[in-house]
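Raw contents of target_5.cif, mmCIF, C-alpha atoms and all ligand atoms:
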```
data_my_file
loop_
_atom_site.label_atom_id
_atom_site.label_comp_id
_atom_site.auth_asym_id
_atom_site.auth_seq_id
_atom_site.Cartn_x
_atom_site.Cartn_y
_atom_site.Cartn_z
CA MET K 626 -12.83 -2.26 -35.53
CA SER K 627 -11.06 -5.14 -33.80
CA ALA K 628 -7.71 -4.43 -32.18
CA THR K 629 -4.87 -6.13 -30.28
CA VAL K 630 -3.76 -2.93 -28.57
CA LEU K 631 -6.08 -0.77 -26.53
CA GLU K 632 -5.29 2.85 -25.71
CA ILE K 633 -7.32 4.25 -22.86
CA LYS K 634 -7.40 7.80 -21.61
CA PRO K 635 -7.97 7.56 -17.85
CA VAL K 636 -10.93 9.58 -16.54
CA GLN K 637 -8.57 11.01 -13.96
CA ALA K 638 -4.87 11.60 -14.60
CA ILE K 639 -2.72 9.06 -12.77
CA PRO K 640 -0.29 10.79 -10.41
CA ASP K 641 3.35 9.72 -10.76
CA PHE K 642 3.45 7.93 -7.39
CA LEU K 643 0.66 5.57 -8.53
CA ILE K 644 1.98 4.70 -11.99
CA GLY K 645 3.75 1.49 -10.92
CA GLU K 646 0.81 0.23 -8.85
CA MET K 647 -1.63 1.05 -11.64
CA ARG K 648 0.43 -0.85 -14.21
CA ALA K 649 0.63 -3.89 -11.90
CA LYS K 650 -3.13 -3.87 -11.28
CA MET K 651 -3.91 -3.90 -15.02
CA ALA K 652 -2.90 -7.59 -15.00
CA TYR K 653 -6.14 -8.37 -13.16
CA VAL K 654 -8.57 -6.32 -15.24
CA ASP K 655 -9.41 -8.89 -17.90
CA GLU K 656 -8.11 -12.28 -18.99
CA ALA K 657 -7.48 -10.87 -22.47
CA VAL K 658 -4.83 -8.45 -21.17
CA ALA K 659 -1.26 -9.59 -21.93
CA GLY K 660 0.66 -6.52 -20.74
CA ALA K 661 0.22 -2.87 -19.81
CA GLN K 662 2.02 0.45 -19.84
CA VAL K 663 1.07 3.67 -18.14
CA ALA K 664 2.48 6.85 -19.71
CA LEU K 665 4.80 8.84 -17.43
CA ALA K 666 2.47 11.82 -17.77
CA GLY K 667 -0.31 9.64 -16.34
CA ASN K 668 -2.69 10.45 -19.20
CA LEU K 669 -2.63 7.21 -21.19
CA ILE K 670 -2.94 3.50 -20.41
CA THR K 671 -1.90 1.10 -23.16
CA LEU K 672 -2.99 -2.53 -22.96
CA GLN K 673 -1.61 -5.33 -25.13
CA LEU K 674 -4.28 -7.95 -25.77
CA LYS K 675 -3.84 -11.70 -26.17
CA ARG K 676 -6.20 -11.71 -29.18
CA ALA K 677 -7.99 -9.20 -31.38
CA LEU K 678 -11.16 -7.95 -29.68
CA GLY K 679 -14.23 -6.30 -31.20
CA GLU K 680 -15.55 -2.90 -30.15
CA SER K 681 -18.05 -4.13 -27.57
CA GLU K 682 -15.42 -6.26 -25.82
CA GLN K 683 -13.01 -3.31 -25.90
CA ALA K 684 -15.66 -1.12 -24.32
CA LEU K 685 -16.15 -3.59 -21.46
CA ILE K 686 -12.41 -3.65 -20.75
CA GLU K 687 -12.26 0.13 -20.85
CA GLN K 688 -15.07 0.32 -18.27
CA LYS K 689 -13.17 -2.00 -15.94
CA VAL K 690 -9.98 0.00 -16.40
CA GLN K 691 -11.81 3.21 -15.51
CA ARG K 692 -13.20 1.51 -12.40
CA VAL K 693 -9.65 0.77 -11.30
CA VAL K 694 -8.56 4.32 -12.10
CA VAL K 695 -11.36 5.86 -10.04
CA ALA K 696 -10.85 3.46 -7.12
CA MET K 697 -7.10 4.04 -6.95
CA VAL K 698 -6.76 7.71 -7.91
CA LYS K 699 -9.76 9.49 -6.42
CA GLY K 700 -8.75 11.07 -3.13
CA ALA K 701 -5.27 9.46 -3.21
CA PHE K 702 -2.42 11.56 -1.91
CA LYS K 703 1.30 11.14 -2.15
CA LEU K 704 2.67 9.20 0.79
CA LYS K 705 5.98 10.39 2.11
CA VAL K 706 8.73 7.82 1.48
CA GLN K 707 10.93 7.47 4.49
CA VAL K 708 14.46 6.22 3.77
CA LEU K 709 16.19 4.44 6.66
CA GLU K 710 19.32 3.30 4.81
CA ASP K 711 20.69 4.19 1.42
CA PHE K 712 23.52 2.11 -0.02
CA LEU K 713 22.34 2.16 -3.62
CA ASP K 714 25.70 3.62 -4.64
CA ARG K 715 27.71 0.73 -3.24
CA PRO K 716 29.99 -0.35 -6.11
CA VAL K 717 28.76 -3.39 -8.05
CA LEU K 718 30.13 -5.09 -11.14
CA SER K 719 29.39 -2.52 -13.82
CA ALA K 720 29.78 -5.05 -16.65
CA VAL K 721 26.44 -6.69 -15.87
CA ALA K 722 24.07 -5.14 -18.35
CA GLU K 723 21.25 -7.63 -18.73
CA ASP K 724 18.61 -9.55 -16.86
CA PRO K 725 20.34 -12.66 -15.46
CA THR K 726 17.13 -14.68 -16.00
CA ASN K 727 17.92 -15.15 -19.69
CA THR K 728 21.53 -16.19 -19.16
CA LEU K 729 20.52 -18.56 -16.35
CA LEU K 730 17.89 -20.17 -18.60
CA ALA K 731 20.37 -20.47 -21.47
CA ARG K 732 22.94 -22.15 -19.21
CA GLY K 733 20.44 -24.61 -17.75
CA GLU K 734 20.97 -23.03 -14.32
CA LEU K 735 17.29 -22.21 -14.32
CA SER K 736 14.38 -23.96 -15.95
CA ARG K 737 10.85 -22.78 -16.18
CA GLU K 738 8.17 -25.40 -15.50
CA ALA K 739 5.28 -23.01 -16.10
CA THR K 740 4.47 -19.33 -15.61
CA GLY K 741 6.16 -18.21 -12.40
CA ILE K 742 7.38 -21.72 -11.51
CA TYR K 743 11.11 -22.40 -11.70
CA VAL K 744 13.64 -25.11 -10.99
CA LEU K 745 16.91 -23.66 -9.62
CA GLY K 746 20.19 -25.30 -10.60
CA PRO K 747 23.36 -25.71 -8.49
CA LEU K 748 24.68 -22.14 -8.70
CA LEU K 749 21.39 -20.54 -7.65
CA THR K 750 20.80 -23.20 -5.03
CA ARG K 751 24.20 -22.59 -3.44
CA LEU K 752 23.58 -18.87 -3.46
CA VAL K 753 20.15 -19.34 -1.86
CA ALA K 754 21.80 -21.54 0.81
CA PHE K 755 24.35 -18.79 1.45
CA PHE K 756 21.62 -16.22 2.05
CA GLU K 757 19.62 -18.70 4.12
CA HIS K 758 22.69 -19.08 6.30
CA GLN K 759 22.82 -15.31 6.86
CA PHE K 760 19.15 -15.19 7.87
CA VAL K 761 19.35 -18.23 10.14
CA ASP K 762 22.34 -16.57 11.76
CA LEU K 763 20.26 -13.43 12.30
CA ALA K 764 17.48 -15.58 13.81
CA SER K 765 19.99 -17.20 16.19
CA SER K 766 21.12 -13.80 17.40
CA PHE K 767 17.56 -13.41 18.78
CA GLN K 768 17.47 -17.00 20.08
CA ALA K 769 14.51 -17.54 17.78
CA GLU K 770 12.78 -20.90 18.19
CA PRO K 771 12.67 -22.91 14.96
CA TYR K 772 9.33 -23.95 13.44
CA ARG K 773 8.16 -25.90 10.39
CA PHE K 774 4.89 -24.79 8.85
CA PRO K 775 2.67 -26.54 6.31
CA THR K 776 2.38 -25.37 2.72
CA LEU K 777 -1.42 -25.56 2.87
CA ILE K 778 -3.41 -23.12 4.94
CA PRO K 779 -7.10 -23.50 5.88
CA ALA K 780 -9.53 -21.09 4.18
CA ARG K 781 -11.02 -20.39 7.62
CA TYR K 782 -7.67 -19.08 8.84
CA LEU K 783 -7.32 -16.59 6.01
CA GLU K 784 -10.94 -15.55 6.45
CA ARG K 785 -10.30 -14.76 10.09
CA VAL K 786 -7.54 -12.26 9.26
CA ASP K 787 -9.43 -10.55 6.40
CA TYR K 788 -7.03 -11.87 3.79
CA PHE K 789 -9.77 -12.37 1.19
CA SER K 790 -10.70 -8.71 0.96
CA ALA K 791 -7.10 -7.46 1.10
CA PHE K 792 -5.40 -9.78 -1.45
CA PRO K 793 -8.07 -11.75 -3.39
CA HIS K 794 -6.21 -11.41 -6.69
CA SER K 795 -3.13 -13.38 -5.70
CA LEU K 796 -4.74 -16.37 -3.92
CA THR K 797 -4.01 -19.94 -4.98
CA PHE K 798 -6.65 -22.54 -4.10
CA ALA K 799 -6.08 -26.22 -3.33
CA THR K 800 -8.67 -28.88 -4.01
CA HIS K 801 -8.94 -32.64 -4.56
CA LEU K 802 -11.28 -35.07 -6.29
CA ARG K 803 -14.51 -35.71 -4.44
CA SER K 804 -14.27 -38.95 -2.46
CA ASP K 805 -16.71 -40.70 -4.76
CA LEU K 806 -15.78 -43.89 -6.58
CA ASP K 807 -17.54 -42.86 -9.80
CA VAL K 808 -15.80 -39.48 -9.86
CA ILE K 809 -12.38 -41.01 -9.17
CA ASP K 810 -12.81 -43.84 -11.71
CA HIS K 811 -13.98 -41.39 -14.33
CA PHE K 812 -10.99 -39.13 -13.67
CA ALA K 813 -8.55 -42.06 -13.77
CA SER K 814 -9.69 -43.11 -17.21
CA HIS K 815 -10.38 -39.67 -18.76
CA ALA K 816 -7.92 -37.21 -17.24
CA ALA K 817 -6.22 -35.17 -19.97
CA CYS K 818 -4.69 -31.73 -20.40
CA ASP K 819 -5.10 -29.09 -23.07
CA GLU K 820 -3.29 -25.73 -23.26
CA HIS K 821 -5.26 -24.51 -20.22
CA GLY K 822 -4.42 -27.53 -18.04
CA LEU K 823 -6.75 -30.33 -16.95
CA THR K 824 -9.95 -30.65 -18.93
CA THR K 825 -11.80 -32.25 -15.97
CA SER K 826 -15.15 -30.66 -15.13
CA MET K 827 -15.23 -28.55 -11.96
CA GLU K 828 -17.97 -30.79 -10.55
CA SER K 829 -15.41 -33.53 -9.96
CA PHE K 830 -13.57 -31.38 -7.43
CA SER K 831 -14.21 -30.85 -3.75
CA GLY K 832 -14.97 -27.45 -2.29
CA VAL K 833 -11.98 -25.34 -1.30
CA GLU K 834 -11.09 -25.99 2.32
CA THR K 835 -7.46 -25.01 1.94
CA LEU K 836 -5.25 -22.69 -0.03
CA LEU K 837 -1.53 -22.61 -0.73
CA SER K 838 0.00 -20.39 1.90
CA PRO K 839 0.80 -16.81 0.80
CA ALA K 840 3.15 -16.08 3.72
CA VAL K 841 4.96 -17.77 6.59
CA CYS K 842 4.18 -15.90 9.80
CA TYR K 843 0.40 -16.46 9.72
CA HIS K 844 0.95 -20.07 10.71
CA LEU K 845 2.66 -19.01 13.93
CA TYR K 846 -0.14 -16.59 14.83
CA PHE K 847 -2.77 -19.29 14.33
CA SER K 848 -0.82 -21.73 16.49
CA LEU K 849 -0.86 -19.09 19.27
CA ALA K 850 -4.52 -18.10 18.78
CA ASP K 851 -7.23 -18.02 21.42
CA ARG K 852 -5.02 -18.22 24.48
CA PRO K 853 -2.59 -16.11 26.50
CA LEU K 854 0.96 -16.07 25.11
CA PRO K 855 2.91 -18.81 26.90
CA SER K 856 5.64 -16.59 28.35
CA GLY K 857 4.34 -13.20 27.32
CA GLN K 858 6.54 -13.07 24.23
CA VAL K 859 7.68 -15.30 21.39
CA VAL K 860 10.51 -15.11 18.86
CA ALA K 861 10.29 -17.74 16.14
CA THR K 862 11.79 -18.44 12.73
CA ALA K 863 10.76 -20.60 9.80
CA VAL K 864 11.28 -20.96 6.08
CA GLY K 865 8.47 -21.93 3.76
CA ASN K 866 7.03 -22.09 0.31
CA CYS K 867 4.79 -19.13 -0.45
CA PHE K 868 2.34 -18.68 -3.30
CA ARG K 869 1.16 -15.48 -4.90
CA TYR K 870 -0.51 -15.53 -8.27
CA GLU K 871 0.73 -12.36 -9.91
CA SER K 872 -0.86 -12.98 -13.33
CA THR K 873 0.94 -11.44 -16.31
CA ASN K 874 3.40 -9.78 -13.91
CA LEU K 875 5.05 -13.21 -13.49
CA THR K 876 7.56 -12.61 -16.25
CA SER K 877 10.98 -13.51 -14.84
CA LEU K 878 12.78 -14.76 -11.76
CA GLU K 879 11.89 -11.38 -10.31
CA ARG K 880 8.28 -12.35 -9.61
CA MET K 881 7.32 -15.98 -9.05
CA TRP K 882 4.08 -17.81 -8.32
CA ASN K 883 5.86 -20.22 -5.98
CA PHE K 884 8.77 -18.78 -4.00
CA THR K 885 10.52 -19.28 -0.67
CA MET K 886 10.48 -16.96 2.30
CA ARG K 887 12.50 -17.02 5.53
CA GLU K 888 10.89 -15.11 8.35
CA ILE K 889 11.83 -14.13 11.87
CA ILE K 890 8.67 -13.41 13.83
CA PHE K 891 8.18 -11.38 17.02
CA VAL K 892 5.05 -11.63 19.18
CA GLY K 893 4.67 -9.70 22.45
CA PRO K 894 4.20 -6.16 23.76
CA LYS K 895 4.44 -3.24 21.35
CA ASP K 896 7.88 -2.01 22.46
CA PHE K 897 9.33 -5.52 22.32
CA VAL K 898 8.18 -6.00 18.72
CA LEU K 899 9.32 -2.56 17.54
CA ALA K 900 12.70 -2.76 19.25
CA ASN K 901 13.39 -6.20 17.78
CA ARG K 902 12.36 -5.13 14.31
CA GLU K 903 14.81 -2.23 14.56
CA THR K 904 17.61 -4.43 15.92
CA ALA K 905 17.03 -6.91 13.08
CA ARG K 906 17.41 -4.09 10.58
CA GLN K 907 20.68 -2.92 12.11
CA ARG K 908 22.12 -6.43 12.21
CA MET K 909 21.12 -7.03 8.59
CA SER K 910 22.72 -3.75 7.62
CA GLU K 911 26.09 -5.11 8.81
CA LYS K 912 25.54 -8.36 6.96
CA PHE K 913 24.64 -6.60 3.71
CA ALA K 914 27.80 -4.50 4.04
CA GLY K 915 29.85 -7.72 4.26
CA ILE K 916 28.09 -9.15 1.23
CA GLY K 917 28.52 -5.92 -0.74
CA LEU K 918 24.87 -5.61 -1.75
CA ALA K 919 23.69 -2.28 -3.15
CA TYR K 920 20.28 -1.50 -1.67
CA ARG K 921 18.12 0.91 0.21
CA VAL K 922 15.59 0.49 3.02
CA GLU K 923 12.48 2.59 2.59
CA SER K 924 8.87 2.74 3.75
CA ALA K 925 6.42 0.81 1.60
CA ASN K 926 2.95 -0.63 1.48
CA ASP K 927 1.56 -4.08 0.73
CA PRO K 928 0.11 -4.73 -2.74
CA PHE K 929 -3.52 -4.54 -1.55
CA PHE K 930 -6.24 -5.10 -4.10
CA ILE K 931 -8.01 -2.20 -5.74
CA GLY K 932 -10.89 -1.64 -3.29
CA GLU K 933 -8.63 -1.69 -0.22
CA PHE K 934 -5.53 -0.14 -1.68
CA LYS K 935 -5.96 3.55 -0.95
CA LYS K 936 -7.13 3.23 2.62
CA GLN K 937 -4.69 0.51 3.65
CA ALA K 938 -1.64 2.00 1.96
CA ALA K 939 -2.21 5.32 3.72
CA PHE K 940 -2.69 3.52 7.02
CA GLN K 941 0.52 1.50 6.66
CA SER K 942 2.43 4.61 5.74
CA ALA K 943 1.03 6.75 8.54
CA PHE K 944 2.01 4.20 11.17
CA GLN K 945 5.32 3.19 9.55
CA LEU K 946 4.26 -0.45 9.42
CA LYS K 947 6.37 -1.68 6.53
CA TYR K 948 9.90 -1.05 5.31
CA GLU K 949 11.31 -2.79 2.26
CA ILE K 950 14.88 -3.74 1.52
CA ARG K 951 15.06 -2.73 -2.12
CA ALA K 952 18.11 -4.10 -3.93
CA ARG K 953 19.43 -2.34 -6.98
CA LEU K 954 18.83 -3.99 -10.37
CA PRO K 955 21.47 -2.24 -12.48
CA PHE K 956 20.34 -3.73 -15.81
CA LYS K 957 17.00 -1.94 -15.64
CA ASP K 958 18.04 0.96 -13.47
CA SER K 959 15.47 0.16 -10.81
CA THR K 960 15.12 -1.65 -7.47
CA LEU K 961 13.41 -4.83 -6.27
CA ALA K 962 12.15 -5.76 -2.78
CA VAL K 963 14.27 -8.62 -1.45
CA GLY K 964 12.90 -8.40 2.06
CA SER K 965 10.74 -6.42 4.43
CA TYR K 966 10.58 -5.32 8.07
CA ASN K 967 6.94 -5.43 9.14
CA TYR K 968 4.92 -4.36 12.16
CA HIS K 969 1.22 -5.33 12.32
CA GLN K 970 0.36 -3.47 15.55
CA ASP K 971 -2.18 -5.60 17.47
CA PHE K 972 -4.06 -6.60 14.29
CA PHE K 973 -3.38 -10.35 14.62
CA GLY K 974 -3.60 -10.17 18.40
CA ARG K 975 -7.13 -8.79 18.13
CA LYS K 976 -8.33 -10.94 15.23
CA LEU K 977 -6.95 -14.14 16.74
CA ASN K 978 -7.38 -13.42 20.39
CA MET K 979 -3.68 -13.76 21.29
CA THR K 980 -3.28 -12.05 24.63
CA LEU K 981 -0.49 -10.67 26.80
CA PRO K 982 -0.37 -11.49 30.53
CA ASP K 983 -2.31 -8.26 31.28
CA GLY K 984 -5.13 -9.46 28.99
CA SER K 985 -4.48 -6.94 26.20
CA PRO K 986 -3.97 -8.16 22.60
CA ALA K 987 -0.40 -9.09 21.59
CA HIS K 988 1.47 -7.09 18.97
CA THR K 989 3.28 -8.83 16.11
CA GLY K 990 6.00 -8.10 13.59
CA CYS K 991 8.14 -10.05 11.19
CA VAL K 992 11.21 -9.68 9.06
CA ALA K 993 10.80 -11.56 5.80
CA PHE K 994 13.32 -12.37 3.09
CA GLY K 995 12.57 -13.68 -0.39
CA LEU K 996 15.31 -16.22 -1.00
CA GLU K 997 15.11 -16.45 -4.79
CA ARG K 998 14.94 -12.68 -5.05
CA MET K 999 18.04 -12.29 -2.87
CA ALA K 1000 19.97 -14.58 -5.22
CA TYR K 1001 18.50 -12.88 -8.28
CA ALA K 1002 19.36 -9.38 -7.10
CA PHE K 1003 22.88 -10.49 -6.17
CA LEU K 1004 23.46 -11.97 -9.63
CA SER K 1005 22.06 -8.81 -11.23
CA GLN K 1006 24.71 -6.84 -9.37
CA PHE K 1007 27.70 -9.19 -9.55
CA GLY K 1008 27.12 -11.46 -12.54
CA LEU K 1009 27.28 -15.23 -12.93
CA ASP K 1010 31.03 -15.70 -12.57
CA PRO K 1011 31.90 -16.37 -8.91
CA ALA K 1012 35.46 -15.14 -9.58
CA ALA K 1013 34.05 -11.60 -9.75
CA TRP K 1014 31.94 -11.90 -6.59
CA PRO K 1015 32.67 -10.22 -3.28
CA GLU K 1016 35.18 -12.30 -1.31
CA GLN K 1017 32.81 -13.43 1.46
CA VAL K 1018 30.23 -14.89 -0.91
CA ARG K 1019 32.86 -16.49 -3.17
CA ARG K 1020 34.54 -18.20 -0.22
CA ALA K 1021 31.27 -19.44 1.25
CA ILE K 1022 30.24 -20.98 -2.03
CA ALA K 1023 33.54 -22.48 -3.13
P1 LIG V 1 6.44 -6.73 -3.99
O1 LIG V 1 6.45 -5.33 -3.47
O2 LIG V 1 7.59 -7.03 -4.86
O3 LIG V 1 5.14 -7.15 -4.59
P2 LIG V 1 5.69 -7.62 -1.38
O4 LIG V 1 5.65 -6.24 -0.87
O5 LIG V 1 4.41 -8.26 -1.70
O6 LIG V 1 6.63 -7.68 -2.69
P3 LIG V 1 6.28 -8.99 1.14
O7 LIG V 1 4.85 -9.33 1.37
O8 LIG V 1 6.92 -7.97 2.01
O9 LIG V 1 6.50 -8.58 -0.41
O10 LIG V 1 7.11 -10.35 1.15
C1 LIG V 1 8.44 -10.47 1.66
C2 LIG V 1 9.42 -10.80 0.57
O11 LIG V 1 9.01 -11.95 -0.18
C3 LIG V 1 9.57 -9.72 -0.47
O12 LIG V 1 10.43 -8.71 -0.03
C4 LIG V 1 10.18 -10.52 -1.62
O13 LIG V 1 11.56 -10.70 -1.42
C5 LIG V 1 9.49 -11.85 -1.50
N1 LIG V 1 8.39 -11.93 -2.48
C6 LIG V 1 7.16 -11.40 -2.38
N2 LIG V 1 6.43 -11.69 -3.47
C7 LIG V 1 7.23 -12.43 -4.29
C8 LIG V 1 7.07 -13.05 -5.57
N3 LIG V 1 5.92 -12.98 -6.24
N4 LIG V 1 8.13 -13.73 -6.09
C9 LIG V 1 9.29 -13.82 -5.43
N5 LIG V 1 9.51 -13.27 -4.23
C10 LIG V 1 8.49 -12.58 -3.66
ZN ZN V 2 5.37 -12.19 8.05
MG MG V 3 6.04 -4.39 -1.90
#
```
For the file at hand, write its structure as structure tokens.
Amino acid sequence: MSATVLEIKPVQAIPDFLIGEMRAKMAYVDEAVAGAQVALAGNLITLQLKRALGESEQALIEQKVQRVVVAMVKGAFKLKVQVLEDFLDRPVLSAVAEDPTNTLLARGELSREATGIYVLGPLLTRLVAFFEHQFVDLASSFQAEPYRFPTLIPARYLERVDYFSAFPHSLTFATHLRSDLDVIDHFASHAACDEHGLTTSMESFSGVETLLSPAVCYHLYFSLADRPLPSGQVVATAVGNCFRYESTNLTSLERMWNFTMREIIFVGPKDFVLANRETARQRMSEKFAGIGLAYRVESANDPFFIGEFKKQAAFQSAFQLKYEIRARLPFKDSTLAVGSYNYHQDFFGRKLNMTLPDGSPAHTGCVAFGLERMAYAFLSQFGLDPAAWPEQVRRAIA
């Protein structure tokens, strides 16, 4: 019988600490999947389908789902969450009861160009500028050197740091027409779009030499690669467009395909990187207190793809490599990562041959803030009327 909803009993029960990750990964199982839920008991996965599928197609999807279940659940153990700061109870405007995305869209403060791609209007833009100012101020307190990085990143670069095996699902590829007069002429006179985008045949396009950059700090590491660090240590800052294709998880301003990140990046000896990461956290803590944001800082792991997830998540947790600033979203009684404090050990130093004066590989770390998410979380807590905002933000924006 054909169906538009698929209920799958996982071959292994999904433990509670994996339910969120499992739900997110379902977006990449099959193009027919429109949405997913995982029962709190971990014994049922429900998939909404974009169209009615027959039994054989359903069976193929179920097989893929079970592959994910086995890869993620087998041998997984609960990682201890370490909480460094907890200000989730900080008072926010209790009247805000809904996702600000809808109100922003209705008011023309936000417009959606396509899935995960948004234009921000004046209110959001001013708010983003306010947060940018806070982060640039933090960067200055470390005398960070300013950089500007490109939006494109060479495929070779990402290959060199194993990005393709860790995060294949969220890559965005850049291409261009082949430099061939016939191809270009044909495109110029025939280019057209249907509901899936351009109808041009793939043969007209070049190979993929570059991608759209998924993060900011990689560009710094590549610019320092294959030589000793100039003065043994570097502190840099940059803001940039980042791209992560998050499939059907791109549902609101919460998760975008194209977003902006400000990073402060530390390269040098281990103690230097760890001490600066900790100082950055303490300085941000004071800033968040001034802003009035309700949040918590806790250990986390990167959203690695299925095959790498278990091993890498455990590794990150064991070595306390990543802490997220999770802001409260009162309307859905949950939290959202607005930034992270990261330590990569000597991973980039080794992969890219960045060396310290004694010849050993450099260590790296970064603090990264998602600018749209900062604004979004703030509006979720304090609403769209600046009159009700904490004094400091209201004054800065007036
Ligand atoms: P999440 O846990 O939400 O998937 P992440 O762990 O992948 O995020 P990082 O790699 O630490 O995030 O990136 C730093 C910051 O960039 C995040 O804290 C968040 O503010 C922002 N960010 C990451 N992915 C997105 C996205 N798809 N849309 C908007 N902002 C994002
Ligand atoms: Zn970074
Ligand atoms: Mg995360």
Using only C-alpha atoms and all ligand atoms, find each residue in chain K having at least one atom no more than 7 Å away from ligand MG 3 (chain V); report its shortest atom-to-atom pair and that distance in Å (one decimal), rows by chain then rising number, as JSON lines.
```
{"residue": "K:Ala925", "atom": "CA", "partner": "V:MG3", "partner_atom": "MG", "distance": 6.3}
{"residue": "K:Asn926", "atom": "CA", "partner": "V:MG3", "partner_atom": "MG", "distance": 5.9}
{"residue": "K:Asp927", "atom": "CA", "partner": "V:MG3", "partner_atom": "MG", "distance": 5.2}
{"residue": "K:Pro928", "atom": "CA", "partner": "V:MG3", "partner_atom": "MG", "distance": 6.0}
{"residue": "K:Glu949", "atom": "CA", "partner": "V:MG3", "partner_atom": "MG", "distance": 6.9}
{"residue": "K:Ala962", "atom": "CA", "partner": "V:MG3", "partner_atom": "MG", "distance": 6.3}
```
Given a cut-off of 7 Å, what residues near ligand ZN 2 (chain V) show up using only C-alpha atoms and all ligand atoms, put as number ranges by chain?
K: 840-843, 888, 890, 990-993
Got a sec to check which residues lie within 9 Å of ligand LIG 1 (chain V), using only C-alpha atoms and all ligand atoms, and send them as a ChimeraX atom specification?
/K:741,839-840,867-871,874-875,878-888,925-929,947-951,961-967,992-999
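Among the candidates K:Gln637, K:Asn727, K:Ser924, K:Gln970, the one nearest to Ala666 in chain K when counting only C-alpha atoms is K:Gln637.
Checking K:Val808, K:Val695, K:Val922, K:Asn668 one by one against Arg906 in chain K, counting only C-alpha atoms, you find the shortest gap at K:Val922.
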Residues of range 705-818 of chain K that approach range 648-659 of chain K to 12 Å or less, counting only C-alpha atoms: could you list each one with the shortest pair of atoms and its distance in Å to one decimal, rows by chain and increasing residue number, as a tab-separated table?
```
residue	atom	partner	partner_atom	distance
K:Phe792	CA	K:Lys650	CA	11.7
K:Pro793	CA	K:Tyr653	CA	10.5
K:His794	CA	K:Tyr653	CA	7.1
K:Ser795	CA	K:Tyr653	CA	9.5
```
When you look at Ser910 in chain K with a cut-off of 10 Å (counting only C-alpha atoms), what residues show up, excluding the ones that are within fewer than 2 positions of it in the same chain? I need them as a PyMOL selection string.
chain K and resi 710+712+904-908+912-916+918+920-922+950
Can you pull out every residue within 10 Å of Phe972 in chain K, counting all atoms listed in the file, but drop anything in the same chain fewer than 5 positions away, and send it as a ChimeraX atom specification?
/K:786,977-978,986-989
Export C-alpha atoms of the chosen residues as a compact mmCIF listing (two decimals), in the frame of the given file?
```
# COMPACT_ATOMS: atom_id res chain seq x y z
CA VAL K 786 -7.54 -12.26 9.26
CA LEU K 977 -6.95 -14.14 16.74
CA ASN K 978 -7.38 -13.42 20.39
CA PRO K 986 -3.97 -8.16 22.60
CA ALA K 987 -0.40 -9.09 21.59
CA HIS K 988 1.47 -7.09 18.97
CA THR K 989 3.28 -8.83 16.11
```
Å distance separating CA of Ser790 in chain K from CA of Ile889 in chain K, one decimal place:
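Separating CA of Ser790 in chain K from CA of Ile889 in chain K is a distance of 25.6 Å.
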Smallest atom-to-atom distance to Leu837 in chain K: which of K:Gly645, K:Gly893, K:Gly822, K:Pro775, using all atoms listed in the file?
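The closest residue to Leu837 in chain K is K:Pro775.
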CA of Pro640 in chain K and CA of Arg692 in chain K, how far apart in Å?
16.0 Å
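The set of protein, DNA and RNA residues with any counted atom at most 12 Å from (-5.1, 2.8, 3.7) (only C-alpha atoms) reads K:Met697, K:Gly700, K:Ala701, K:Phe702, K:Leu704, K:Ala791, K:Ala925, K:Asn926, K:Asp927, K:Pro928, K:Phe929, K:Phe930, K:Ile931, K:Gly932, K:Glu933, K:Phe934, K:Lys935, K:Lys936, K:Gln937, K:Ala938, K:Ala939, K:Phe940, K:Gln941, K:Ser942, K:Ala943, K:Phe944, K:Gln945, K:Leu946.
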Kindly indicate which residue among K:Glu923, K:Leu802, K:Phe830, K:Phe789 lies nearest to Leu709 in chain K, using all atoms listed in the file for the distances.
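Using all atoms listed in the file, the shortest distance to Leu709 in chain K belongs to K:Glu923.
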Do a neighbour search on His821 in chain K at 12 Å with only C-alpha atoms, toss out local chain neighbours closer than 4 positions, and write the hits as a list of chain:residue names.
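My list of contacting residues is K:Ala739, K:Thr740, K:Ala817, K:Thr825.
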Counting all atoms listed in the file, the option among K:His844, K:Arg902, K:Arg852, K:Arg676 closest to Ile778 in chain K
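Closest candidate: K:His844.
Counting all atoms listed in the file and comparing K:Phe756, K:Tyr1001, K:Phe956, K:Tyr846, the residue that lies closest to Ala720 in chain K is K:Phe956.
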Could you please give me, as a PyMOL selection string, the residues of protein, DNA or RNA lying at most 12 Å from (-4.8, 11.2, -12.0) in the coordinate frame of the file, considering all atoms listed in the file?
chain K and resi 634-644+647+663-670+691+693-703
Would you compute the distance between CA of Gln707 in chain K and CA of Ala861 in chain K? Give it in Å to one decimal.
27.8 Å
